[in-house]
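K.L.:
Pasting input38.txt below, which is compact mmCIF, C-alpha atoms.
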# COMPACT_ATOMS: atom_id res chain seq x y z
CA MET A 250 76.59 127.32 -7.36
CA SER A 251 77.94 129.61 -10.06
CA LYS A 252 78.99 128.38 -13.49
CA LYS A 253 82.62 129.14 -12.65
CA ALA A 254 82.48 127.15 -9.40
CA THR A 255 80.79 124.25 -11.20
CA PHE A 256 83.47 124.31 -13.88
CA GLU A 257 86.25 124.37 -11.25
CA ASN A 258 84.70 121.38 -9.43
CA LEU A 259 84.46 119.41 -12.67
CA LYS A 260 88.00 120.36 -13.66
CA SER A 261 89.37 119.35 -10.26
CA GLY A 262 87.55 116.04 -10.40
CA LEU A 263 88.87 115.25 -13.85
CA GLU A 264 92.42 116.19 -12.83
CA GLN A 265 92.16 113.84 -9.84
CA ALA A 266 90.81 111.05 -12.05
CA ILE A 267 93.74 111.46 -14.43
CA ALA A 268 96.24 111.53 -11.55
CA TYR A 269 94.68 108.36 -10.12
CA SER A 270 94.80 106.56 -13.48
CA ARG A 271 98.50 107.44 -13.75
CA GLY A 272 99.17 106.10 -10.25
CA GLN A 273 100.08 109.55 -8.92
CA ILE A 274 97.47 109.51 -6.14
CA THR A 275 95.43 106.92 -4.28
CA LEU A 276 91.81 107.44 -3.52
CA LYS A 277 90.29 107.15 -0.07
CA THR A 278 87.93 104.23 0.22
CA ARG A 279 85.52 103.21 2.90
CA THR A 280 83.86 99.86 3.43
CA VAL A 281 80.20 100.02 4.28
CA ARG A 282 78.34 96.98 5.57
CA LEU A 283 74.95 96.79 3.93
CA PRO A 284 72.10 95.22 5.86
CA ASP A 285 70.82 91.83 4.79
CA PRO A 286 67.53 91.85 2.88
CA PRO A 287 64.55 91.82 5.26
CA ARG A 288 63.02 88.47 6.11
CA PRO A 289 59.58 87.87 4.59
CA MET A 290 56.54 88.48 6.79
CA THR A 291 53.64 86.09 6.98
CA PRO A 292 50.08 87.39 6.72
CA LYS A 293 49.67 86.68 10.47
CA GLN A 294 52.73 88.82 11.25
CA ILE A 295 51.39 91.71 9.19
CA ILE A 296 47.98 91.48 10.90
CA ALA A 297 49.63 91.35 14.33
CA LEU A 298 51.76 94.37 13.52
CA ARG A 299 48.78 96.39 12.34
CA LYS A 300 46.32 95.34 15.04
CA LYS A 301 48.35 94.58 18.16
CA LYS A 302 51.29 96.94 17.87
CA LEU A 303 49.76 99.85 15.99
CA HIS A 304 46.04 99.42 16.80
CA MET A 305 45.02 100.52 13.30
CA SER A 306 42.37 99.54 10.81
CA GLN A 307 43.45 98.42 7.36
CA GLY A 308 42.38 101.77 5.92
CA VAL A 309 44.33 103.86 8.42
CA PHE A 310 47.38 101.61 8.12
CA ALA A 311 47.22 101.80 4.33
CA ARG A 312 47.02 105.58 4.44
CA MET A 313 49.91 105.73 6.92
CA ILE A 314 52.26 103.75 4.65
CA ASN A 315 50.86 105.34 1.46
CA ALA A 316 49.42 102.12 0.07
CA ALA A 317 45.98 101.17 -1.18
CA PRO A 318 43.71 99.45 1.36
CA GLN A 319 43.36 96.63 -1.20
CA THR A 320 47.14 96.11 -0.99
CA ILE A 321 47.03 95.67 2.79
CA HIS A 322 44.05 93.33 2.44
CA ALA A 323 45.90 91.24 -0.17
CA TRP A 324 49.00 91.00 2.08
CA GLU A 325 46.87 89.90 5.02
CA GLN A 326 45.01 87.34 2.91
CA GLY A 327 48.28 85.96 1.54
CA ARG A 328 47.31 86.82 -2.06
CA SER A 329 50.37 89.04 -2.47
CA LYS A 330 53.53 89.87 -0.57
CA PRO A 331 55.12 93.20 0.34
CA SER A 332 57.89 94.29 -2.03
CA GLY A 333 61.46 94.65 -0.78
CA CYS A 334 61.05 98.34 0.03
CA ALA A 335 57.67 97.88 1.73
CA LEU A 336 58.99 94.85 3.60
CA ARG A 337 61.98 96.81 4.91
CA PHE A 338 59.58 99.54 6.06
CA LEU A 339 57.26 97.02 7.75
CA ARG A 340 60.22 95.45 9.57
CA LEU A 341 61.34 98.88 10.76
CA ILE A 342 57.85 99.66 12.03
CA ASP A 343 57.72 96.23 13.70
CA GLN A 344 61.00 96.91 15.53
CA LYS A 345 60.17 100.53 16.42
CA PRO A 346 56.39 101.04 16.48
CA ASP A 347 56.83 104.46 18.15
CA LEU A 348 58.19 105.71 14.83
CA VAL A 349 54.65 105.64 13.46
CA GLY A 350 53.54 108.23 15.99
CA GLN A 351 56.57 110.35 15.24
CA MET A 352 55.93 110.12 11.49
CA LEU A 353 52.31 111.15 11.92
CA GLY A 354 53.06 113.82 14.53
CA ILE A 355 51.06 112.03 17.22
CA LYS A 356 52.23 112.72 20.74
CA LYS A 357 52.27 109.78 23.13
CA GLN A 358 49.45 109.89 25.68
CA ARG A 359 50.59 109.83 29.30
CA SER A 360 48.89 107.44 31.67
CA ALA A 361 46.99 109.05 34.54
Now that the file is in, can you turn its structure into structure tokens?
P.N.:
Amino acid sequence: MSKKATFENLKSGLEQAIAYSRGQITLKTRTVRLPDPPRPMTPKQIIALRKKKLHMSQGVFARMINAAPQTIHAWEQGRSKPSGCALRFLRLIDQKPDLVGQMLGIKKQRSA
């Protein structure tokens, strides 16, 4: 974007802000429903997700979610818990395990 275009965008935005503050225009608003925070996962749930749904070792699973193997081990031993972001990601993987294959570029094997 050129300097002139950037200036014009800023100028337009400021003019709209002034018009709004004077009651000359109303702004469009939209209500967005945010999802509830993810429910915690027990160590057994994390193990089941990794072993039964994804069929992965701790090391492979850790690499897949970009975490240290020690982190996965600590979650599964109950010594620590996944953070909010990691927990949301684990819940997504739990609901849609096929996403893992898509993320890693693994094509689903067809049964013979």
K.L.:
If we count only C-alpha atoms, what is near Leu298 of chain A at a cut-off of 10 Å, once residues fewer than 3 positions away on the same chain are taken out, given as a list of chain:residue names?
P.N.:
A:Pro292, A:Lys293, A:Gln294, A:Ile295, A:Lys301, A:Lys302, A:Leu303, A:His304, A:Met305, A:Leu339, A:Arg340, A:Ile342, A:Asp343, A:Gln344, A:Pro346
K.L.:
Mind giving me the straight-line distance from atom CA of Phe310 of chain A to atom CA of Arg288 of chain A in Å, one decimal?
P.N.:
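Computed distance, atom CA of Phe310 of chain A to atom CA of Arg288 of chain A, equals 20.5 Å.
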K.L.:
What separation in Å, quoted to one decimal, exists between atom CA of Met290 of chain A and atom CA of Gly350 of chain A?
P.N.:
22.0 Å
K.L.:
Please indicate the distance in Å from atom CA of Ala297 of chain A to atom CA of Trp324 of chain A, rounded to one decimal place.
P.N.:
12.3 Å
K.L.:
Quick one: everything within 10 Å of Lys330 of chain A, counting all atoms listed in the file, minus sequence neighbours fewer than 4 positions away in the same chain. Send it as a ChimeraX atom specification.
P.N.:
/A:289-292,320-321,323-326,335-336
K.L.:
Applying 10 Å and all atoms listed in the file, which residues near Met313 of chain A remain after dropping the ones on its own chain fewer than 3 positions away? List them as a list in words.
P.N.:
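Those residues are Met305, Gln307, Gly308, Val309, Phe310, Ala316, Val349, Met352 and Leu353 of chain A.
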